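J.: Can you read through this structure? Questions will come right after.
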Amino acid sequence: MSQTKQIEEKWQKKWENARIFEADPDPQKKKMLVTFPYPYMNGPLHVGHTFTATRVDAYARFKRMQGYNVLWPWSWHWTGQPLLGASERVAKGDEAYIRVLREVDGVPEAELKKFVDPLYMAQYYTNEGRSAATRIGFSIDWRREFNTVMPTYQKFIEWQYTHLKEKGYVTRGTHPVVWCPKDKSPTGDHDRQVGEGVTPEEYTLIKYKLDEKTYLPAATFRPETIYGVTNMWINPEAAYVEAKVNGENWIISQEAAEKLKEQERTVEVKRVFKGRELIGKSFENPLTKAKFPILPGWFVDPKQASGVVYSVPAHAPYDWLALKDLQEKPEVLKDFGVDVEMVKQIKPISLIAVEGFGEYPAVEIVEQMGIKDQHDPRADEATKALYKKEFHAGVLKQNCGRYAGKTVREVKDTLIRDFREIGAADSMYDLPDPVVCRCMTPCIVKILSDQWFLNYSDPAWKEKAKEAVAQMQIYPDAARQWFIAVIDWLKEWACARTTGFGTPLPWGKGWIIETLSDSTIYMSFYTINKHIRQHGIKPESLTHEIFDYVFYGKGSEVALSKTSGISVEVLRDMRAEFLYWYPFDLRVSAKELVPNHLTFCIFHHAALFPPEQWPRAIGVNGMLMIEGKQMHKSKGNFVTMKNAVERYGADATRCALLLGAEGMDDPDWRGENAADIRGKFESLHNLALGIIEKAKSDEAAHLEKWLLSKMQQRIAEVTRNLEELKTRTALEIALFEVWNDFRWYTRRKGETEAKAVQEALEVWLRLLAPFAPHICEELWSAAGKENFISLAEWPRVDEGKVDVLAEERENLLTDLIEDTLNVLRATKISPTRVCYYTANGWKWSVYRSILEKAVQGEVKVNEVMKELAKDSSLRENMKAVASFVPKVLKTLSKLPNERKARLAKVEIANEKEFIESALGFLEERFNAKVAVYGEEDQARFDPKRRAALAVPGQPAIYIE
RNA sequence: GCAGAGGUCGCCGAGCCAGGUCAAAGGCGUAGGCUUCAGGAGCCUAUCCCGUAGGGGUUCGUGGGUUCGAAUCCCACCCUCUGCACCA
């Protein structure tokens, strides 16, 4: 292909041959361990991975140039279910899927056939991934690579979990999951045909009594409303059952009975009957023992929860509407033998006081919204709105027993607990919306028992995790709040499952440690895997005691050497290497990993390592979009790392990605942008070669000083931003702002023959090297440098080259041009002659004395005048001074303090000569004759008498 | 719903934490000009509105408020994106 490709591959080869990214402990140098979460290998690396990883690489390269001993290792995640699922689809001949593999992933036909073996598939993508990562120029030490099904890695995970269990962080319990009865496995979001995002909801069942030995467990999310119950709703047409549930007599819908069987209940159905059988009977409130009637409610869905619903018309719009219906159309009751008068007597019972509503909020909201009946879709809206309002702001009234006076939000949990304790309540799970498995079977909720959990609910563990967050850097810092929120919110996490690849639980029977749980502290494994590989250490040698020694320093290496067969030296090296590199200094990922992986990583470090080995910094970035849309293989907008590099080259791909966004904003990948950047690098290449070729003059005058001074500013800016992982800003300055500096210099000077320009170029290349390493190596070498720019010293600000005067002079010139252009725009003159008049001596001295005061603080006109009046040299001019001072004050007030301070520091003497030195430039710029005069020059051309308007730093202008 | 992040001049995006330097950086796009055999690229100029002198007017999701002064601080509201669990 192109020259670009040749250059890039040439340097990649050179880096590899010189092994410059292989990092070993070096006590002389400060270490820097940067990491990227290993990608899951059921597909190729894509530009989303590339974005995050390029941020890591840019930081790594920056730190390497700063003299750090930088280690960037990389590995592959093979744990879990999807690899198996993918390979199964290939085996089954799923055409749609195979086409994606062929067309999107670019898998050759011969390989595709072998994908029936999931491990082969993983290995294929791993090999592809490694070559893509190399081809984009990531500075990785590959000697430490592994995948998560390697026996040696699994020994490490066993060690980790044995310790977690010992420390009490692993617990056992039950958990509700969405379950496919046919597959007999949990149905995750990816495995669903219908119902993405649906999760089990827990209903409280209020155990109303039908008679002494029979309960009607009514399902609700608002158990506090038990104090406002007025009746029960039963669907007369639905099938209900009388069943023995855990030894008690329950009446529930037939569907509910089936559901409860999967929720750790023994259910024995005694008889099935129509709901109408219950209508007209009465039931008892378990708290108050008061009796209420059972009424027909056709809206009751037997498929939802228990199929038994109690009615609170004061606070539930549906209940009110249904009751009103019956009261207004009593004829429907006739069939049921219900006392119509009794139904008409039913009055809502209010139990929650909420601002903005009176006695019966449900009645009011129904009237306000003009909802006619229970079939009105807005009844749902009203229910949600009222529930929200009452939950947050509602206060329980006097009739609510011991909960009176509290808000609903405050007492909800205690109330449920209390009710359960006295046997008045139970609970069940159900799905708010239907879920259908990929296999087309409708799903239910199942409570899994004997699950293993990581107990993220443990308050002491949460506390430790927060301490870890408090002592680390987070880029951007806005994400810190999020981490804290996630730590608070996380609860028990099921850490093992029964299918998929992974490490078996050391104590488990058939349990495999799940993917998000086997990837929390593996960054420490990188520090020793180099030795494991180099010395061919067998997994059986990697015992619990060996890891205890390496990571905790426990035991003697001599004894351990005997039992393990690993030499004493190697053991010592492993221990030393761990101590040298750990903890990791930076880990970067997209923000989707904040609520899981990254926070788990923090938790596990807090659990297993002392504070000195807790993470130093975490970087979080946005999720990559493709041409403004989310990237999906199925949407056909999937861009792989390999393809991007092939098409645009490594440097352009890297920079186009980094320029997309920083912080937590989502970057957008646009092919057009990448092509633009590629073009820019071509121009840069030519520009740089031109500079190198021409550099010969020793001139070091004003403009050279200006350029070098400007470069000092750029060095400071790029460095500061990179330190905070602001890769976009840093690159924007390193590429575009610096380029503009060179443009300005070239325009002003007309050529680039000074050696100073090459000096500046060498700074530029180094500032750009972390982002676009290949072209920078190429140009660095073209500039006659023998070393790699990848290892060159990061430029440091040289205070001796900061030249405020030179910069302020150029500022004066740009201001002057801007003012002139403004006048031209306003007057629409095509100028033939432009005249400038610079301020005279006394103006300069007044200006300076005001400037000095302005730097101190506020300046008052009268005070200035008083002081100036003392100056005898000004006395004859006091009238002019008096009109001049306010003008200066106005001009200065527009300047930032920093600029004022700079101006006060330098003496822009000889304003006139300076402008004269730029006459050629100005004439070309305006395509007109340009002249400069002192404002009092006798010989000046000044037909409109504008010269007197001159202010220091702002010459008067006349144009014709 | 809960949590986190956002809404800026055609687009992408700085600025907001530390209020005045902000009609608001930079890139892209668009228009005009220069250069070039041509294509491309490069360079220059313009790009909210008005203005025959360096000025003025109206803008930073919407509506209020604080302040001499707000894109920036406070309150309310609207909208967008991301995550929400056994799944990588």
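Ligands are numbered from 1 in the order shown, chains are lettered A, B, ... in the order of the structure tokens, and residues start at 1 in each chain.
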At most 12 Å is the cut-off: for each residue in chain B with any atom that close to an atom of chain A, write down the nearest atom pair and the distance in Å rounded to one decimal, counting only C-alpha atoms (C1' of nucleotides), chain first then increasing number, as CSV.

T.:
```
residue,atom,partner,partner_atom,distance
B:G1,C1',A:Lys388,CA,9.0
B:C2,C1',A:Trp489,CA,9.8
B:A3,C1',A:Ala485,CA,7.1
B:G4,C1',A:Trp482,CA,5.6
B:A5,C1',A:Met664,CA,6.9
B:G6,C1',A:Asp665,CA,8.0
B:C11,C1',A:Gly628,CA,11.5
B:C12,C1',A:Gly660,CA,8.0
B:G13,C1',A:Ala661,CA,8.0
B:A14,C1',A:Thr729,CA,8.5
B:C17,C1',A:Ala478,CA,10.2
B:G20,C1',A:Lys894,CA,8.5
B:U21,C1',A:Pro896,CA,4.0
B:C22,C1',A:Lys894,CA,11.3
B:A25,C1',A:Glu737,CA,9.7
B:G26,C1',A:Glu732,CA,7.0
B:G27,C1',A:Phe736,CA,8.3
B:C28,C1',A:Asn673,CA,7.9
B:G29,C1',A:Glu672,CA,11.7
B:G40,C1',A:Gly679,CA,10.4
B:A41,C1',A:Ser683,CA,8.0
B:G42,C1',A:Ser683,CA,8.1
B:C43,C1',A:Arg747,CA,9.4
B:C44,C1',A:Arg925,CA,8.8
B:U45,C1',A:Arg925,CA,10.0
B:A46,C1',A:Arg825,CA,10.4
B:C50,C1',A:Ala826,CA,10.1
B:G51,C1',A:Ala826,CA,5.9
B:U52,C1',A:Thr827,CA,4.2
B:A53,C1',A:Val823,CA,5.2
B:G54,C1',A:Asp819,CA,4.6
B:G55,C1',A:Ala826,CA,9.0
B:G56,C1',A:Ala826,CA,11.7
B:C81,C1',A:Asp666,CA,8.4
B:U82,C1',A:Glu592,CA,7.0
B:G83,C1',A:Glu592,CA,6.2
B:C84,C1',A:Pro595,CA,8.4
B:A85,C1',A:Trp493,CA,7.2
B:C86,C1',A:Ala494,CA,5.3
B:C87,C1',A:Gly188,CA,6.0
B:A88,C1',A:Tyr40,CA,7.1
```

J.: Show which residues sit within 10 Å of Arg940 of chain A, as a short mmCIF file (atom, residue, chain, number, x, y, z; two decimals) with N, CA and C atoms, in the first residue's frame. Count only C-alpha atoms (C1' of nucleotides), and ignore same-chain residues fewer than 4 positions away.

T.:
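Once everything was written out, this is around28.cif:
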```
data_model
loop_
_atom_site.label_atom_id
_atom_site.label_comp_id
_atom_site.auth_asym_id
_atom_site.auth_seq_id
_atom_site.Cartn_x
_atom_site.Cartn_y
_atom_site.Cartn_z
N CYS A 835 -2.15 54.06 7.28
CA CYS A 835 -1.17 54.77 8.11
C CYS A 835 -1.41 54.47 9.58
N TYR A 836 -0.30 54.22 10.28
CA TYR A 836 -0.38 54.02 11.73
C TYR A 836 0.38 55.14 12.41
N TYR A 837 -0.13 55.53 13.59
CA TYR A 837 0.53 56.59 14.37
C TYR A 837 0.75 56.06 15.77
N ALA A 931 2.33 52.82 6.15
CA ALA A 931 3.34 53.71 6.71
C ALA A 931 3.11 53.86 8.20
N VAL A 932 4.21 54.08 8.93
CA VAL A 932 4.11 54.27 10.37
C VAL A 932 4.74 55.61 10.72
N TYR A 933 4.05 56.37 11.58
CA TYR A 933 4.58 57.64 12.05
C TYR A 933 4.46 57.70 13.56
N GLY A 934 5.34 58.48 14.15
CA GLY A 934 5.11 58.87 15.54
C GLY A 934 3.98 59.88 15.52
N GLU A 935 3.20 59.96 16.59
CA GLU A 935 2.01 60.81 16.51
C GLU A 935 2.35 62.29 16.36
N GLU A 936 3.61 62.64 16.73
CA GLU A 936 3.95 64.05 16.59
C GLU A 936 4.93 64.30 15.46
N ALA A 947 -3.84 61.05 14.42
CA ALA A 947 -2.65 60.67 15.19
C ALA A 947 -2.82 60.83 16.69
#
```

J.: Please run DSSP on the backbone and report, as a PyMOL selection string, all residues within segment 691-904 of chain A that come out as alpha helix (DSSP H).

T.: chain A and resi 691-694+702-723+727-732+738-749+755-768+773-782+804-827+841-856+861-869+872-875+878-893+897-904
